[in-house]
Amino acid sequence: MMNSIFYDPFAMLLAAIAVSSLLIMYRNETRKLRHIPTVGYNSPILSYISAIKFLFKGVDVIQEGYDKHKGGMFKIPLLQSWIVLVSGDELVGELKTAPDRLFSAGLATDELLQIPYTMGSEITTNPYHVSIVRTRLTRNLANIFPAVRDELLASFSEIIPEKEGWVKYNASDAFMKIIARVTNRMIVGFPLCRDEEFLDNAVQYTMDVIIVSTIINLVPPFLRPLSTYIFRSVSNRIKCAQTLLEPVIERHRKELAERTNDNELIFLNWLLSEAKGEEQENIKLARRIMLVNFGAIHTTSITFLQALYCLAANPSYIQPLREEVEEVVSQDGWSKASLDKLLKVDSFIREAQRLHSPGGFTAMRKALVDYTFRNGTYIPKNTMLAVPLEPVHIDPDVYPNAYEFDGFRFAKINEANGNRKADIVSLGDNFLTFGLGKHACPGRFFASNELKLLLSHVVVNYDVKFENEGIRPDDVFLGPSRNPNPNAEVMFRRRVNKL
């Protein structure tokens, strides 16, 4: 089979066209950006060596550029193009406030995830789901809290039951399942949120989108429409979701028409209320449901695992966190309002986000016009830009003792400043996990509640540690991404002297 591919003249011709097209595009782009400092090789051919290095050492490459060109711009070669990194308060502020007609976050995401070929072009042209997240979901966080906590309790009792002796769990597997269930209690409601086929499909969809979009990005634009016929895994996941969702959609559609479930606060109902025209088709609704899963499960799981690993490596934090949760809950019970008062829990998660950032850069934008920044740097149309993430988070000029984990760092900052501007959901040029400016993650308020509820439940009900006490498993790197070790095992036992 492999030999037939290599000796098929048509396949060889397509491959030759693809490679030639990429080289021509890369050469033209290199010429236009030659005035911007480069990390690695600058020539169209040799830069591929640097691009391959970036696949394995991406975060280190970005750090090198930041250290050499802090406060300015530098470019890094990717396999398919260049990306320009913008640093320093002045330049980042200019990029943040630039109107969408100059720099587009949506089109940058389109290109990164190849959305027209993975999720459907309507996701970008008609992003009505974003306003639902910003308005209905955020306004109803207190109302959906009981259902979300109910699912959390049920999930833990099945997946990590309380036992008196120490039990090892693959943390990634366990919490991916828990977070998928808890999140989908809000998205599709009970009982579908407990359907293993639906949940497995949603989790695998995320991985398929990442893999397929990475491959498509290596294909010249004029050949990309063919990808929908070659890479079927993503569309198959959506069709599977549609099959499982259809009975639920039809039931909710009927109940909404009869006004018999007005009080059921789930994302699916909000989609049904807001979708217009062909967006009411079941396949279109399934795409939106899978998109929300993509945005919620993967990022929340990564963030929580980083916090959990920090806790297991530093168990001295368990008692002060436990005391805070128990004091607040004894006064207010378990509620969204009580989560808002957990200043140490909030700080602990944010510090884990800071020291174990999800990647080397964030806040991607695509230049829609030729643009010259106020410092005189010229950016040609179609250039991809981003802002360094991890280098800012571990910059000693920004955070004292930046390489040390201080779980209550941000609680102390809030206390010293007399405000809550260093909470998880707070945005700033020096804390970029949730993005930058008006295009920051709209679901961060739900994610914050979910993360604090998860960590609070763990510290109140369990003791946790690593088998090699105090030794945190190394993170895993691929390209610009940093991920918690997927093979790490965390030991749990029922909290000693639990009341």
# chains A, B, ... in the order shown; residues from 1 in each chain; ligands from 1
call {"tool": "residues_around", "arguments": {"residues": "Asn140 of chain A", "least_positions_apart": "2", "cutoff": "12 Å", "atoms": "only C-alpha atoms", "output": "ChimeraX atom specification"}}
result
/A:132-138,142-148,186,263-267,270,336,445-446,449
call {"tool": "write_last_selection", "arguments": {"atoms": "N, CA, C and O atoms", "output": "short mmCIF file (atom, residue, chain, number, x, y, z; two decimals), in the first residue's frame"}}
result
data_model
loop_
_atom_site.label_atom_id
_atom_site.label_comp_id
_atom_site.auth_asym_id
_atom_site.auth_seq_id
_atom_site.Cartn_x
_atom_site.Cartn_y
_atom_site.Cartn_z
N ILE A 132 -24.00 33.69 24.27
CA ILE A 132 -24.70 32.86 25.26
C ILE A 132 -23.79 32.60 26.45
O ILE A 132 -24.22 32.67 27.61
N VAL A 133 -22.52 32.30 26.18
CA VAL A 133 -21.56 32.08 27.26
C VAL A 133 -21.41 33.35 28.09
O VAL A 133 -21.42 33.31 29.33
N ARG A 134 -21.26 34.49 27.40
CA ARG A 134 -21.02 35.75 28.12
C ARG A 134 -22.23 36.18 28.95
O ARG A 134 -22.06 36.78 30.02
N THR A 135 -23.42 35.92 28.46
CA THR A 135 -24.61 36.45 29.12
C THR A 135 -25.34 35.38 29.93
O THR A 135 -25.27 35.36 31.16
N ARG A 136 -26.00 34.47 29.25
CA ARG A 136 -26.85 33.51 29.97
C ARG A 136 -26.06 32.63 30.94
O ARG A 136 -26.48 32.42 32.08
N LEU A 137 -24.95 32.09 30.46
CA LEU A 137 -24.19 31.21 31.35
C LEU A 137 -23.64 31.97 32.54
O LEU A 137 -23.81 31.56 33.69
N THR A 138 -22.98 33.09 32.28
CA THR A 138 -22.35 33.84 33.36
C THR A 138 -23.38 34.37 34.36
O THR A 138 -23.16 34.34 35.58
N ALA A 142 -24.88 31.13 39.68
CA ALA A 142 -25.42 30.78 41.00
C ALA A 142 -26.57 29.79 40.87
O ALA A 142 -26.71 28.88 41.68
N ASN A 143 -27.39 29.94 39.82
CA ASN A 143 -28.55 29.07 39.65
C ASN A 143 -28.18 27.65 39.24
O ASN A 143 -28.86 26.70 39.60
N ILE A 144 -27.09 27.51 38.46
CA ILE A 144 -26.71 26.17 38.02
C ILE A 144 -25.79 25.47 39.02
O ILE A 144 -25.50 24.28 38.87
N PHE A 145 -25.36 26.20 40.05
CA PHE A 145 -24.40 25.63 41.00
C PHE A 145 -24.89 24.32 41.63
O PHE A 145 -24.12 23.36 41.71
N PRO A 146 -26.14 24.23 42.13
CA PRO A 146 -26.57 22.97 42.76
C PRO A 146 -26.44 21.76 41.84
O PRO A 146 -25.98 20.69 42.28
N ALA A 147 -26.82 21.91 40.57
CA ALA A 147 -26.72 20.78 39.63
C ALA A 147 -25.26 20.42 39.37
O ALA A 147 -24.90 19.24 39.31
N VAL A 148 -24.42 21.43 39.22
CA VAL A 148 -23.00 21.19 38.97
C VAL A 148 -22.36 20.47 40.16
O VAL A 148 -21.62 19.49 39.99
N MET A 186 -23.86 20.97 32.84
CA MET A 186 -24.27 22.31 32.45
C MET A 186 -24.62 22.39 30.96
O MET A 186 -25.53 23.11 30.56
N ASN A 263 -37.35 26.37 33.45
CA ASN A 263 -36.40 26.55 34.53
C ASN A 263 -35.17 25.65 34.41
O ASN A 263 -34.29 25.69 35.27
N GLU A 264 -35.12 24.80 33.38
CA GLU A 264 -33.97 23.92 33.23
C GLU A 264 -32.84 24.69 32.56
O GLU A 264 -32.88 24.95 31.36
N LEU A 265 -31.85 25.04 33.35
CA LEU A 265 -30.79 25.93 32.89
C LEU A 265 -29.62 25.11 32.37
O LEU A 265 -28.68 24.78 33.10
N ILE A 266 -29.68 24.77 31.10
CA ILE A 266 -28.57 24.08 30.46
C ILE A 266 -28.27 24.78 29.14
O ILE A 266 -29.12 25.44 28.55
N PHE A 267 -27.04 24.62 28.69
CA PHE A 267 -26.59 25.33 27.50
C PHE A 267 -27.40 24.93 26.27
O PHE A 267 -27.67 25.76 25.40
N TRP A 270 -30.43 27.02 25.89
CA TRP A 270 -30.11 28.37 25.45
C TRP A 270 -29.79 28.40 23.96
O TRP A 270 -30.14 29.34 23.26
N LYS A 336 -22.38 29.36 44.99
CA LYS A 336 -21.51 30.18 44.16
C LYS A 336 -20.95 31.34 45.00
O LYS A 336 -19.78 31.72 44.86
N PHE A 445 -15.41 32.52 33.76
CA PHE A 445 -16.13 32.63 35.03
C PHE A 445 -16.71 31.27 35.44
O PHE A 445 -16.63 30.88 36.61
N PHE A 446 -17.26 30.54 34.48
CA PHE A 446 -17.71 29.17 34.78
C PHE A 446 -16.52 28.29 35.11
O PHE A 446 -16.56 27.51 36.08
N ASN A 449 -15.27 28.86 38.66
CA ASN A 449 -16.12 28.21 39.66
C ASN A 449 -15.89 26.72 39.71
O ASN A 449 -15.82 26.11 40.79
#
call {"tool": "closest_atom_pairs", "arguments": {"of": "segment 364-401 of chain A", "to": "segment 64-83 of chain A", "cutoff": "8 Å", "atoms": "only C-alpha atoms", "output": "Markdown table"}}
result
| residue | atom | partner | partner_atom | distance |
| --- | --- | --- | --- | --- |
| A:Thr383 | CA | A:Ile83 | CA | 7.0 |
| A:Met384 | CA | A:Ile83 | CA | 5.1 |
| A:Leu385 | CA | A:Ile83 | CA | 5.6 |
| A:Ala386 | CA | A:Ile83 | CA | 7.3 |
| A:Pro388 | CA | A:Tyr66 | CA | 7.4 |
| A:Pro391 | CA | A:Tyr66 | CA | 6.7 |
call {"tool": "select_by_dssp", "arguments": {"residues": "segment 112-278 of chain A", "states": "strand (DSSP E)", "output": "list in words"}}
result
Val167, Lys168, Tyr169 and Asn170 of chain A
call {"tool": "write_last_selection", "arguments": {"atoms": "N, CA and C atoms", "output": "short mmCIF file (atom, residue, chain, number, x, y, z; two decimals), in the first residue's frame"}}
result
data_model
loop_
_atom_site.label_atom_id
_atom_site.label_comp_id
_atom_site.auth_asym_id
_atom_site.auth_seq_id
_atom_site.Cartn_x
_atom_site.Cartn_y
_atom_site.Cartn_z
N VAL A 167 -4.69 5.07 47.80
CA VAL A 167 -4.98 4.45 46.51
C VAL A 167 -4.42 5.35 45.41
N LYS A 168 -3.70 4.73 44.45
CA LYS A 168 -3.13 5.50 43.34
C LYS A 168 -4.11 5.58 42.17
N TYR A 169 -4.19 6.76 41.59
CA TYR A 169 -5.03 6.97 40.41
C TYR A 169 -4.20 7.68 39.33
N ASN A 170 -4.42 7.29 38.08
CA ASN A 170 -3.91 8.11 37.00
C ASN A 170 -4.75 9.38 36.99
#
call {"tool": "closest_atom_pairs", "arguments": {"of": "segment 144-260 of chain A", "to": "segment 306-319 of chain A", "cutoff": "12 Å", "atoms": "only C-alpha atoms", "output": "Markdown table"}}
result
| residue | atom | partner | partner_atom | distance |
| --- | --- | --- | --- | --- |
| A:Asn170 | CA | A:Tyr309 | CA | 11.7 |
| A:Ala171 | CA | A:Leu308 | CA | 8.7 |
| A:Ser172 | CA | A:Gln306 | CA | 10.2 |
| A:Phe175 | CA | A:Leu308 | CA | 10.1 |
call {"tool": "residues_around", "arguments": {"residues": "Lys412 of chain A", "least_positions_apart": "2", "cutoff": "12 Å", "atoms": "only C-alpha atoms", "output": "list in words"}}
result
Leu343, Lys344, Asp346, Ser347, Phe348, Glu351, Asp406, Gly407, Phe408, Arg409, Phe410, Asn414, Glu415, Ala416, Asn417, Gly418, Asn419, Arg420, Lys421, Ala422 and Asp423 of chain A
call {"tool": "closest_atom_pairs", "arguments": {"of": "segment 147-238 of chain A", "to": "segment 461-473 of chain A", "cutoff": "10 Å", "atoms": "only C-alpha atoms", "output": "Markdown table"}}
result
| residue | atom | partner | partner_atom | distance |
| --- | --- | --- | --- | --- |
| A:Ile160 | CA | A:Tyr462 | CA | 9.9 |
| A:Pro161 | CA | A:Tyr462 | CA | 9.9 |
| A:Glu162 | CA | A:Tyr462 | CA | 7.4 |
| A:Lys163 | CA | A:Tyr462 | CA | 9.0 |
| A:Glu164 | CA | A:Tyr462 | CA | 9.6 |
| A:Trp166 | CA | A:Val464 | CA | 8.6 |
| A:Val167 | CA | A:Val464 | CA | 9.6 |
| A:Lys168 | CA | A:Glu467 | CA | 8.3 |
call {"tool": "residues_around", "arguments": {"residues": "Glu196 of chain A", "least_positions_apart": "5", "cutoff": "10 Å", "atoms": "only C-alpha atoms", "output": "ChimeraX atom specification"}}
result
/A:177,180-181,201-202
call {"tool": "write_last_selection", "arguments": {"atoms": "N, CA, C and O atoms", "output": "short mmCIF file (atom, residue, chain, number, x, y, z; two decimals), in the first residue's frame"}}
result
data_model
loop_
_atom_site.label_atom_id
_atom_site.label_comp_id
_atom_site.auth_asym_id
_atom_site.auth_seq_id
_atom_site.Cartn_x
_atom_site.Cartn_y
_atom_site.Cartn_z
N LYS A 177 -12.46 12.46 33.16
CA LYS A 177 -13.81 11.91 33.25
C LYS A 177 -14.70 12.76 34.17
O LYS A 177 -15.85 13.06 33.84
N ALA A 180 -15.40 16.15 32.48
CA ALA A 180 -16.32 15.97 31.35
C ALA A 180 -17.75 15.82 31.85
O ALA A 180 -18.69 16.41 31.28
N ARG A 181 -17.94 15.07 32.90
CA ARG A 181 -19.29 14.88 33.45
C ARG A 181 -19.83 16.18 34.06
O ARG A 181 -20.97 16.58 33.78
N ASN A 201 -16.68 10.36 23.29
CA ASN A 201 -16.68 10.98 21.98
C ASN A 201 -16.29 12.46 22.07
O ASN A 201 -15.52 12.97 21.24
N ALA A 202 -16.78 13.15 23.10
CA ALA A 202 -16.46 14.56 23.29
C ALA A 202 -14.98 14.76 23.58
O ALA A 202 -14.34 15.68 23.05
#
call {"tool": "atom_distance", "arguments": {"atom1": "atom CA of Gly40 of chain A", "atom2": "atom CA of Val61 of chain A"}}
result
8.3 Å
call {"tool": "residues_around", "arguments": {"residues": "Ser273 of chain A", "least_positions_apart": "3", "cutoff": "10 Å", "atoms": "only C-alpha atoms", "output": "JSON, numbers by chain"}}
result
{"A": [253, 256, 257, 267, 268, 269, 270, 276, 280]}
call {"tool": "residues_around", "arguments": {"residues": "segment 287-296 of chain A", "least_positions_apart": "3", "cutoff": "7 Å", "atoms": "only C-alpha atoms", "output": "list in words"}}
result
Met119, Ala202, Thr206, Ile238, Ile283, Lys284, Thr299 and Thr300 of chain A
call {"tool": "residues_around", "arguments": {"residues": "Asp89 of chain A", "least_positions_apart": "3", "cutoff": "7 Å", "atoms": "only C-alpha atoms", "output": "mmCIF file with all heavy atoms, in the first residue's frame"}}
result
data_model
loop_
_atom_site.group_PDB
_atom_site.id
_atom_site.type_symbol
_atom_site.label_atom_id
_atom_site.label_comp_id
_atom_site.auth_asym_id
_atom_site.auth_seq_id
_atom_site.Cartn_x
_atom_site.Cartn_y
_atom_site.Cartn_z
ATOM 1 N N VAL A 92 2.196 45.487 23.575
ATOM 2 C CA VAL A 92 1.077 44.597 23.897
ATOM 3 C C VAL A 92 -0.199 45.408 24.079
ATOM 4 O O VAL A 92 -1.278 45.008 23.623
ATOM 5 C CB VAL A 92 1.393 43.768 25.158
ATOM 6 C CG1 VAL A 92 0.145 43.002 25.626
ATOM 7 C CG2 VAL A 92 2.525 42.783 24.884
ATOM 8 N N GLY A 93 -0.089 46.563 24.726
ATOM 9 C CA GLY A 93 -1.252 47.424 24.889
ATOM 10 C C GLY A 93 -1.796 47.906 23.556
ATOM 11 O O GLY A 93 -3.014 47.982 23.355
ATOM 12 N N ASP A 429 -2.040 42.628 31.615
ATOM 13 C CA ASP A 429 -0.942 42.427 30.665
ATOM 14 C C ASP A 429 0.141 41.521 31.226
ATOM 15 O O ASP A 429 0.978 41.018 30.471
ATOM 16 C CB ASP A 429 -0.342 43.776 30.281
ATOM 17 C CG ASP A 429 -1.324 44.638 29.479
ATOM 18 O OD1 ASP A 429 -2.367 44.111 29.069
ATOM 19 O OD2 ASP A 429 -1.030 45.828 29.285
#
call {"tool": "closest_residue", "arguments": {"among": "A:Pro44, A:Glu246, A:Glu450, A:Asn382", "to": "Lys366 of chain A", "atoms": "only C-alpha atoms"}}
result
A:Asn382
call {"tool": "atom_distance", "arguments": {"atom1": "atom CA of Ala363 of chain A", "atom2": "atom CA of Leu389 of chain A"}}
result
8.8 Å
call {"tool": "atom_distance", "arguments": {"atom1": "atom CA of Phe222 of chain A", "atom2": "atom CA of Phe361 of chain A"}}
result
28.0 Å
call {"tool": "closest_residue", "arguments": {"among": "A:His439, A:Tyr378, A:Glu324, A:Asn42", "to": "Ala108 of chain A", "atoms": "only C-alpha atoms"}}
result
A:His439
